[in-house]
Amino acid sequence: MAIAAALTGSFMLAEAIGGFLSGSLALLADAGHMLTDFASLSLAWFAFRIARRPADWKRTYGFDRFQVLIAFVNGIALIAICAWIMVEAVRRFNSPVEVMGTPMLVIAVLGLIVNIAVFFVLHSSPEQNLNMRGAILHVLGDLLGSVAAIVAAIVILTTGWMPIDPLLSVLVCLLILRSAWYVTSQSGHILLEGAPAGVDIREIERDLPQSVEGVLNVHHVHAWAISEERPMVTLHARLAEGASTDITVRAIKARIAERFAIDHATIEVEGLHCADEAMKRAS
C-alpha cells in the first residue's frame, strides 16, 4: 500500500501539469483521480497500521472498523470526483476547448504504465477486504482514465475531433460509479451495524431449535460485523428443562459457526421467561 501511494503521488503532479498545459479534461480527470488515490492509498495504509493495534478498555473490539471507515470515505470521494468530471464534461460539450494531442498522448502513456504497476502491486496483496478493494477501485479508475486519455489523444491527433475528450471522461466515470457505489454501500452497511452478507437472523431463529437438541426457542437475535472478516451475533436461547447449559451453548456456537460462518457468538441462556421481557413488563 505504501509503495502504491508513493508511485501514485509522484506521477500525479506530472499528470496535473500535463493536463493544464495540454488543456485535456481526460488528463485532468485522471490527475484528480490520482490525487484522491494518493490520499486514499495513504489513508488505507494508515488504516492497516491502526487495525493491527490490540483492543483496549476504551475500544474493546480493537481498531478493525477504521478500515471500513476509510473504505466508506474512499467511495464517497470517488462518487464526488465523478460528479465533478461529468459537470465539467457537459460544460466542455457546450464550449469546446482546444486540446494538445501530442503531450496528452505522452503523459497518458506514462500514466498508464504507472497505474498498471500500482494495480499489480495492490492486486498481489493477500489483504482483499473492503479497504483494499476501495484502494484497488481508485487505481482501476486511474488505469481506465489513462486508457481513455490515450484513445482521446489518438482521435484528436488523427481527426481533430475535440468532443472525444469529455465524452470518454464521462464513459470512464460511468464505469467507475457502479463499483464506487458498491464499496460505499457495503462499508456504510457495516458502519450502520447491518447484518453480515449471507446472514438472515430469521433463518437463525428457525434453524437452531430444529438443529440443536435442548433449544426450545431463539429470540433477540442481533448480527453485525466489526469488519468484513469479523461477523458477530448475540441471541437469547430458551432451553428445555434438564438441558445442560454448557453442552447446549457449545452446540449452539458450533452450529452458528458451521451453518452461518460466524465464530463469535454471545449466547444468553433462559429458562421459562426472558429476563428482558420481564423487565419491560415490570417497568
# chains A, B, ... in the order shown; residues from 1 in each chain; ligands from 1
$ select_by_dssp --residues "segment 6-236 of chain A" --states "strand (DSSP E or B)" --output "PyMOL selection string"
chain A and resi 215-225+231-236
$ residues_around --residues "Leu239 of chain A" --least-positions-apart "5" --cutoff "12 Å" --atoms "only C-alpha atoms" --output "list in words"
Leu208, Pro209, Val212, Glu213, Gly214, Val215, Leu216, Asn217, Val218, His219, Ser244, Thr245, Asp246, Ile247, Thr248, Val249, Ile252, Ile267, Glu268, Val269, Glu270, Gly271, Leu272, His273 and Cys274 of chain A
$ atom_distance --atom1 "atom CA of Ser169 of chain A" --atom2 "atom CA of Ala149 of chain A"
8.0 Å
$ residues_around --residues "Gly141 of chain A" --least-positions-apart "3" --cutoff "9 Å" --atoms "only C-alpha atoms" --output "number ranges by chain"
A: 30, 33-34, 78, 136-138, 144-146, 172-173, 175-176
$ write_last_selection --atoms "C-alpha atoms" --output "mmCIF file, in the first residue's frame"
data_model
loop_
_atom_site.group_PDB
_atom_site.id
_atom_site.type_symbol
_atom_site.label_atom_id
_atom_site.label_comp_id
_atom_site.auth_asym_id
_atom_site.auth_seq_id
_atom_site.Cartn_x
_atom_site.Cartn_y
_atom_site.Cartn_z
ATOM 1 C CA ASP A 30 -7.104 11.266 -14.290
ATOM 2 C CA HIS A 33 -8.394 10.544 -9.546
ATOM 3 C CA MET A 34 -4.707 10.155 -8.757
ATOM 4 C CA LEU A 78 -14.843 8.645 -5.979
ATOM 5 C CA ILE A 136 -7.847 -1.027 -5.954
ATOM 6 C CA LEU A 137 -11.005 0.581 -7.308
ATOM 7 C CA HIS A 138 -9.381 4.003 -7.153
ATOM 8 C CA LEU A 144 -9.223 3.380 -17.209
ATOM 9 C CA GLY A 145 -8.694 7.142 -17.209
ATOM 10 C CA SER A 146 -5.241 6.711 -18.735
ATOM 11 C CA VAL A 172 -14.876 6.243 -17.556
ATOM 12 C CA CYS A 173 -16.898 7.865 -14.763
ATOM 13 C CA LEU A 175 -17.763 2.587 -15.436
ATOM 14 C CA ILE A 176 -16.359 3.583 -12.053
#
$ residues_around --residues "Arg92 of chain A" --least-positions-apart "2" --cutoff "12 Å" --atoms "only C-alpha atoms" --output "PyMOL selection string"
chain A and resi 23-26+85-90+94-99+162-167+169-170
$ select_by_dssp --residues "segment 28-266 of chain A" --states "alpha helix (DSSP H)" --output "PyMOL selection string"
chain A and resi 28-51+65-94+101-123+130-159+164-191+201-211+245-260
$ atom_distance --atom1 "atom CA of Glu205 of chain A" --atom2 "atom CA of Leu191 of chain A"
24.0 Å
$ closest_residue --among "A:Asp64, A:Ala108, A:Ala4, A:Cys82" --to "Ala16 of chain A" --atoms "only C-alpha atoms"
A:Ala108
$ residues_around --residues "Val183 of chain A" --least-positions-apart "3" --cutoff "12 Å" --atoms "only C-alpha atoms" --output "ChimeraX atom specification"
/A:68-79,129-138,176-180,186-190,228
$ closest_residue --among "A:His222, A:Arg49, A:Arg59, A:His123" --to "Glu193 of chain A" --atoms "only C-alpha atoms"
A:His222
$ residues_around --residues "Val221 of chain A" --least-positions-apart "2" --cutoff "8 Å" --atoms "only C-alpha atoms" --output "list in words"
Ile201, Ile204, Glu205, Val218, His219, Ala223, Val233, Thr234, Leu235 and His236 of chain A
$ closest_residue --among "A:Leu140, A:Ala265, A:Leu168, A:Ala240" --to "Phe93 of chain A" --atoms "only C-alpha atoms"
A:Leu168
$ atom_distance --atom1 "atom CA of Ser10 of chain A" --atom2 "atom CA of Asp37 of chain A"
11.6 Å
$ closest_residue --among "A:Trp161, A:Phe120, A:Tyr182, A:Phe260" --to "Pro231 of chain A" --atoms "only C-alpha atoms"
A:Phe260
$ decode --residues "segment 66-77 of chain A" --atoms "all heavy atoms" --output "PDB file, in the first residue's frame"
ATOM      1  N   PHE A  66     -11.820   0.885  11.640  1.00  0.00           N
ATOM      2  CA  PHE A  66     -11.209   2.054  10.990  1.00  0.00           C
ATOM      3  C   PHE A  66     -11.003   1.801   9.500  1.00  0.00           C
ATOM      4  O   PHE A  66     -11.155   2.703   8.680  1.00  0.00           O
ATOM      5  CB  PHE A  66      -9.868   2.385  11.662  1.00  0.00           C
ATOM      6  CG  PHE A  66      -9.280   3.695  11.213  1.00  0.00           C
ATOM      7  CD1 PHE A  66      -9.858   4.896  11.600  1.00  0.00           C
ATOM      8  CD2 PHE A  66      -8.153   3.727  10.412  1.00  0.00           C
ATOM      9  CE1 PHE A  66      -9.324   6.105  11.183  1.00  0.00           C
ATOM     10  CE2 PHE A  66      -7.617   4.923   9.992  1.00  0.00           C
ATOM     11  CZ  PHE A  66      -8.202   6.123  10.386  1.00  0.00           C
ATOM     12  N   GLN A  67     -10.688   0.558   9.133  1.00  0.00           N
ATOM     13  CA  GLN A  67     -10.524   0.221   7.715  1.00  0.00           C
ATOM     14  C   GLN A  67     -11.834   0.388   6.952  1.00  0.00           C
ATOM     15  O   GLN A  67     -11.848   0.840   5.807  1.00  0.00           O
ATOM     16  CB  GLN A  67     -10.031  -1.221   7.575  1.00  0.00           C
ATOM     17  CG  GLN A  67      -8.677  -1.488   8.188  1.00  0.00           C
ATOM     18  CD  GLN A  67      -8.219  -2.894   7.916  1.00  0.00           C
ATOM     19  OE1 GLN A  67      -7.943  -3.260   6.788  1.00  0.00           O
ATOM     20  NE2 GLN A  67      -8.143  -3.716   8.949  1.00  0.00           N
ATOM     21  N   VAL A  68     -12.936   0.034   7.588  1.00  0.00           N
ATOM     22  CA  VAL A  68     -14.250   0.174   6.960  1.00  0.00           C
ATOM     23  C   VAL A  68     -14.579   1.654   6.774  1.00  0.00           C
ATOM     24  O   VAL A  68     -15.115   2.064   5.740  1.00  0.00           O
ATOM     25  CB  VAL A  68     -15.335  -0.511   7.815  1.00  0.00           C
ATOM     26  CG1 VAL A  68     -16.701  -0.381   7.159  1.00  0.00           C
ATOM     27  CG2 VAL A  68     -14.992  -1.985   8.034  1.00  0.00           C
ATOM     28  N   LEU A  69     -14.241   2.471   7.761  1.00  0.00           N
ATOM     29  CA  LEU A  69     -14.473   3.915   7.664  1.00  0.00           C
ATOM     30  C   LEU A  69     -13.697   4.515   6.497  1.00  0.00           C
ATOM     31  O   LEU A  69     -14.228   5.335   5.737  1.00  0.00           O
ATOM     32  CB  LEU A  69     -14.073   4.583   8.980  1.00  0.00           C
ATOM     33  CG  LEU A  69     -14.228   6.105   9.044  1.00  0.00           C
ATOM     34  CD1 LEU A  69     -15.694   6.505   8.850  1.00  0.00           C
ATOM     35  CD2 LEU A  69     -13.702   6.639  10.372  1.00  0.00           C
ATOM     36  N   ILE A  70     -12.451   4.099   6.329  1.00  0.00           N
ATOM     37  CA  ILE A  70     -11.640   4.606   5.224  1.00  0.00           C
ATOM     38  C   ILE A  70     -12.219   4.163   3.884  1.00  0.00           C
ATOM     39  O   ILE A  70     -12.253   4.929   2.911  1.00  0.00           O
ATOM     40  CB  ILE A  70     -10.179   4.126   5.360  1.00  0.00           C
ATOM     41  CG1 ILE A  70      -9.541   4.760   6.610  1.00  0.00           C
ATOM     42  CG2 ILE A  70      -9.376   4.473   4.117  1.00  0.00           C
ATOM     43  CD1 ILE A  70      -9.540   6.266   6.615  1.00  0.00           C
ATOM     44  N   ALA A  71     -12.692   2.919   3.803  1.00  0.00           N
ATOM     45  CA  ALA A  71     -13.318   2.443   2.568  1.00  0.00           C
ATOM     46  C   ALA A  71     -14.545   3.296   2.228  1.00  0.00           C
ATOM     47  O   ALA A  71     -14.784   3.633   1.060  1.00  0.00           O
ATOM     48  CB  ALA A  71     -13.717   0.975   2.713  1.00  0.00           C
ATOM     49  N   PHE A  72     -15.329   3.647   3.237  1.00  0.00           N
ATOM     50  CA  PHE A  72     -16.511   4.497   3.029  1.00  0.00           C
ATOM     51  C   PHE A  72     -16.103   5.875   2.507  1.00  0.00           C
ATOM     52  O   PHE A  72     -16.696   6.392   1.548  1.00  0.00           O
ATOM     53  CB  PHE A  72     -17.278   4.628   4.343  1.00  0.00           C
ATOM     54  CG  PHE A  72     -18.533   5.444   4.240  1.00  0.00           C
ATOM     55  CD1 PHE A  72     -19.682   4.905   3.686  1.00  0.00           C
ATOM     56  CD2 PHE A  72     -18.570   6.754   4.694  1.00  0.00           C
ATOM     57  CE1 PHE A  72     -20.850   5.657   3.580  1.00  0.00           C
ATOM     58  CE2 PHE A  72     -19.722   7.513   4.597  1.00  0.00           C
ATOM     59  CZ  PHE A  72     -20.864   6.962   4.036  1.00  0.00           C
ATOM     60  N   VAL A  73     -15.086   6.471   3.111  1.00  0.00           N
ATOM     61  CA  VAL A  73     -14.602   7.786   2.672  1.00  0.00           C
ATOM     62  C   VAL A  73     -14.084   7.710   1.234  1.00  0.00           C
ATOM     63  O   VAL A  73     -14.344   8.597   0.409  1.00  0.00           O
ATOM     64  CB  VAL A  73     -13.492   8.295   3.618  1.00  0.00           C
ATOM     65  CG1 VAL A  73     -12.827   9.558   3.065  1.00  0.00           C
ATOM     66  CG2 VAL A  73     -14.075   8.572   5.003  1.00  0.00           C
ATOM     67  N   ASN A  74     -13.349   6.647   0.907  1.00  0.00           N
ATOM     68  CA  ASN A  74     -12.834   6.484  -0.457  1.00  0.00           C
ATOM     69  C   ASN A  74     -13.970   6.379  -1.471  1.00  0.00           C
ATOM     70  O   ASN A  74     -13.901   6.960  -2.567  1.00  0.00           O
ATOM     71  CB  ASN A  74     -11.948   5.237  -0.544  1.00  0.00           C
ATOM     72  CG  ASN A  74     -10.577   5.466   0.053  1.00  0.00           C
ATOM     73  OD1 ASN A  74     -10.150   6.597   0.233  1.00  0.00           O
ATOM     74  ND2 ASN A  74      -9.889   4.390   0.378  1.00  0.00           N
ATOM     75  N   GLY A  75     -15.006   5.637  -1.132  1.00  0.00           N
ATOM     76  CA  GLY A  75     -16.138   5.504  -2.050  1.00  0.00           C
ATOM     77  C   GLY A  75     -16.839   6.828  -2.284  1.00  0.00           C
ATOM     78  O   GLY A  75     -17.177   7.187  -3.418  1.00  0.00           O
ATOM     79  N   ILE A  76     -17.061   7.600  -1.211  1.00  0.00           N
ATOM     80  CA  ILE A  76     -17.685   8.920  -1.331  1.00  0.00           C
ATOM     81  C   ILE A  76     -16.822   9.844  -2.184  1.00  0.00           C
ATOM     82  O   ILE A  76     -17.331  10.602  -3.029  1.00  0.00           O
ATOM     83  CB  ILE A  76     -17.915   9.523   0.067  1.00  0.00           C
ATOM     84  CG1 ILE A  76     -18.971   8.720   0.829  1.00  0.00           C
ATOM     85  CG2 ILE A  76     -18.317  10.983  -0.033  1.00  0.00           C
ATOM     86  CD1 ILE A  76     -20.362   8.817   0.246  1.00  0.00           C
ATOM     87  N   ALA A  77     -15.510   9.795  -1.979  1.00  0.00           N
ATOM     88  CA  ALA A  77     -14.595  10.651  -2.750  1.00  0.00           C
ATOM     89  C   ALA A  77     -14.671  10.325  -4.242  1.00  0.00           C
ATOM     90  O   ALA A  77     -14.687  11.231  -5.088  1.00  0.00           O
ATOM     91  CB  ALA A  77     -13.163  10.474  -2.241  1.00  0.00           C
TER      92      ALA A  77
END
